[in-house]
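As stored in model-v3.tsv (TSV, C-alpha atoms):
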```tsv
chain	number	residue	atom	x	y	z
A	18	MET	CA	-2.79	-5.76	20.66
A	19	LYS	CA	-5.30	-3.14	19.49
A	20	GLU	CA	-2.47	-0.59	19.42
A	21	ALA	CA	-0.48	-2.84	17.08
A	22	LEU	CA	-3.50	-3.19	14.80
A	23	LEU	CA	-3.98	0.57	14.75
A	24	ALA	CA	-0.29	1.09	13.93
A	25	THR	CA	-0.54	-1.43	11.08
A	26	VAL	CA	-3.65	0.26	9.66
A	27	ILE	CA	-1.93	3.66	9.85
A	28	ASP	CA	1.12	2.23	8.06
A	29	GLU	CA	-1.16	0.70	5.44
A	30	TYR	CA	-2.95	4.00	4.90
A	31	SER	CA	0.38	5.82	4.51
A	32	ALA	CA	1.59	3.23	1.99
A	33	VAL	CA	-1.63	3.59	-0.02
A	34	GLU	CA	-1.23	7.39	-0.04
A	35	LEU	CA	2.37	7.02	-1.22
A	36	PHE	CA	1.26	4.52	-3.88
A	37	ALA	CA	-1.29	7.05	-5.14
A	38	SER	CA	1.41	9.70	-5.43
A	39	VAL	CA	3.63	7.29	-7.35
A	40	LEU	CA	0.73	6.59	-9.72
A	41	ALA	CA	0.34	10.33	-10.24
A	42	ALA	CA	4.05	10.59	-11.04
A	43	GLU	CA	3.69	7.70	-13.46
A	44	GLU	CA	0.74	9.38	-15.17
A	45	LYS	CA	2.76	12.57	-15.54
A	46	ALA	CA	5.75	10.64	-16.89
A	47	LEU	CA	3.56	8.90	-19.46
A	48	THR	CA	2.52	12.25	-20.89
A	49	THR	CA	6.10	13.30	-21.59
A	50	VAL	CA	7.80	12.90	-24.95
A	51	HIS	CA	10.31	10.32	-23.67
A	52	PRO	CA	8.73	8.47	-20.74
A	53	ILE	CA	11.15	5.54	-20.93
A	54	GLU	CA	13.78	7.62	-19.16
A	55	THR	CA	11.65	8.25	-16.06
A	56	LEU	CA	9.52	5.11	-15.87
A	57	PRO	CA	11.97	2.49	-14.51
A	58	PRO	CA	12.41	4.09	-11.05
A	59	ILE	CA	8.65	4.65	-10.85
A	60	VAL	CA	7.92	1.02	-11.67
A	61	GLU	CA	10.53	-0.07	-9.11
A	62	LYS	CA	8.90	2.09	-6.42
A	63	LYS	CA	5.47	0.71	-7.30
A	64	MET	CA	6.71	-2.86	-6.94
A	65	GLU	CA	8.31	-2.00	-3.60
A	66	LEU	CA	5.04	-0.52	-2.36
A	67	VAL	CA	3.01	-3.50	-3.59
A	68	GLU	CA	5.25	-5.78	-1.54
A	69	LYS	CA	4.94	-3.52	1.50
A	70	LEU	CA	1.16	-3.39	1.18
A	71	SER	CA	1.01	-7.17	0.90
A	72	THR	CA	3.10	-7.56	4.05
A	73	LEU	CA	0.97	-5.04	5.93
A	74	GLU	CA	-2.23	-6.75	4.80
A	75	LYS	CA	-0.99	-10.09	6.13
A	76	ALA	CA	0.04	-8.47	9.43
A	77	ARG	CA	-3.37	-6.77	9.72
A	78	ASP	CA	-5.23	-10.00	9.03
A	79	THR	CA	-3.14	-11.84	11.62
A	80	GLN	CA	-3.82	-9.12	14.19
A	81	LEU	CA	-7.54	-9.13	13.43
A	82	SER	CA	-7.65	-12.89	13.79
A	83	GLU	CA	-5.79	-12.76	17.11
A	84	LEU	CA	-8.37	-10.26	18.36
A	85	GLY	CA	-11.19	-12.62	17.35
A	86	TYR	CA	-12.32	-10.73	14.24
A	87	PRO	CA	-12.63	-12.09	10.72
A	88	THR	CA	-9.86	-11.21	8.30
A	89	GLY	CA	-10.12	-8.82	5.39
A	90	TRP	CA	-12.71	-6.14	4.86
A	91	LYS	CA	-15.29	-7.86	7.05
A	92	GLY	CA	-12.96	-7.72	10.04
A	93	MET	CA	-12.09	-4.10	9.35
A	94	GLU	CA	-15.74	-3.10	9.40
```

Transcribe the structure of this file into C-alpha cells.
Amino acid sequence: MKEALLATVIDEYSAVELFASVLAAEEKALTTVHPIETLPPIVEKKMELVEKLSTLEKARDTQLSELGYPTGWKGME
C-alpha cells in the first residue's frame, strides 16, 4: 500500500510540474499581440490537469486514510 501512495505522490508531483509549464506557456501567450489564437488549447490543458490533480488528491487521501494517517497536508507531513 505504501508503494501505491508513493506512486500517487510521484504522479501528483509530475502533474504539478506540467501545470507549472502550462502556466508559463500561458504567460508567454498573454504577452503576444494576438493571444486569443493560442489561449484556447492552453486553457483546455489547464482544465485537464486540474481534473487530474483533483483525482490524484482524492486517491492520495484515500491511501493515507487506509494507512491510518490523516488526509491532506497533515497526513503528508

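Summary of the local environment: counting only C-alpha atoms, residues at most 8 Å from range 78-87 of chain A, other than itself and those fewer than 5 positions away along its chain, are A:Met18, A:Lys19, A:Ala21, A:Leu22, A:Gly92, A:Met93.
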
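Residues surrounding Phe36 in chain A within 8 Å are A:Ala32, A:Val33, A:Val39, A:Leu40, A:Lys63, A:Leu66 [all atoms listed in the file; sequence separation below 3 positions excluded].
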
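The spacing separating CA of Trp90 in chain A from CA of Glu65 in chain A amounts to 23.0 Å.
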
Worksheet entry | Residues within 9 Å of Pro52 in chain A, all atoms listed in the file, excluding chain neighbours under 6 positions, as an NGL selection string | :A and (43 or 45-46)

Padding 8 Å on each side, edges along x, y and z: where is the centre of the box around the listed atoms of range 40-55 of chain A, and how long are its edges in Å to one decimal? Output it as JSON.
```
{"center_x": 7.1, "center_y": 9.4, "center_z": -17.3, "size_x": 29.4, "size_y": 23.8, "size_z": 31.2}
```

Worksheet item: Need the neighbours of (-1.3, -4.0, 9.4): which residues are at most 7 Å away, counting only C-alpha atoms, as JSON, numbers by chain?
Response: {"A": [22, 24, 25, 26, 28, 29, 73, 74, 75, 76, 77]}

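Between CA of His51 in chain A and CA of Ala37 in chain A the interatomic distance comes to 22.1 Å.
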
Discussion item. What does the structure give for the distance between CA of Ser71 in chain A and CA of Leu23 in chain A, in Å to one decimal?
Written reply: 16.6 Å

Response to the item:
From the list A:Lys91, A:Val50, A:Lys62, A:Lys69, the nearest residue to Ser38 in chain A using all atoms listed in the file is A:Lys62
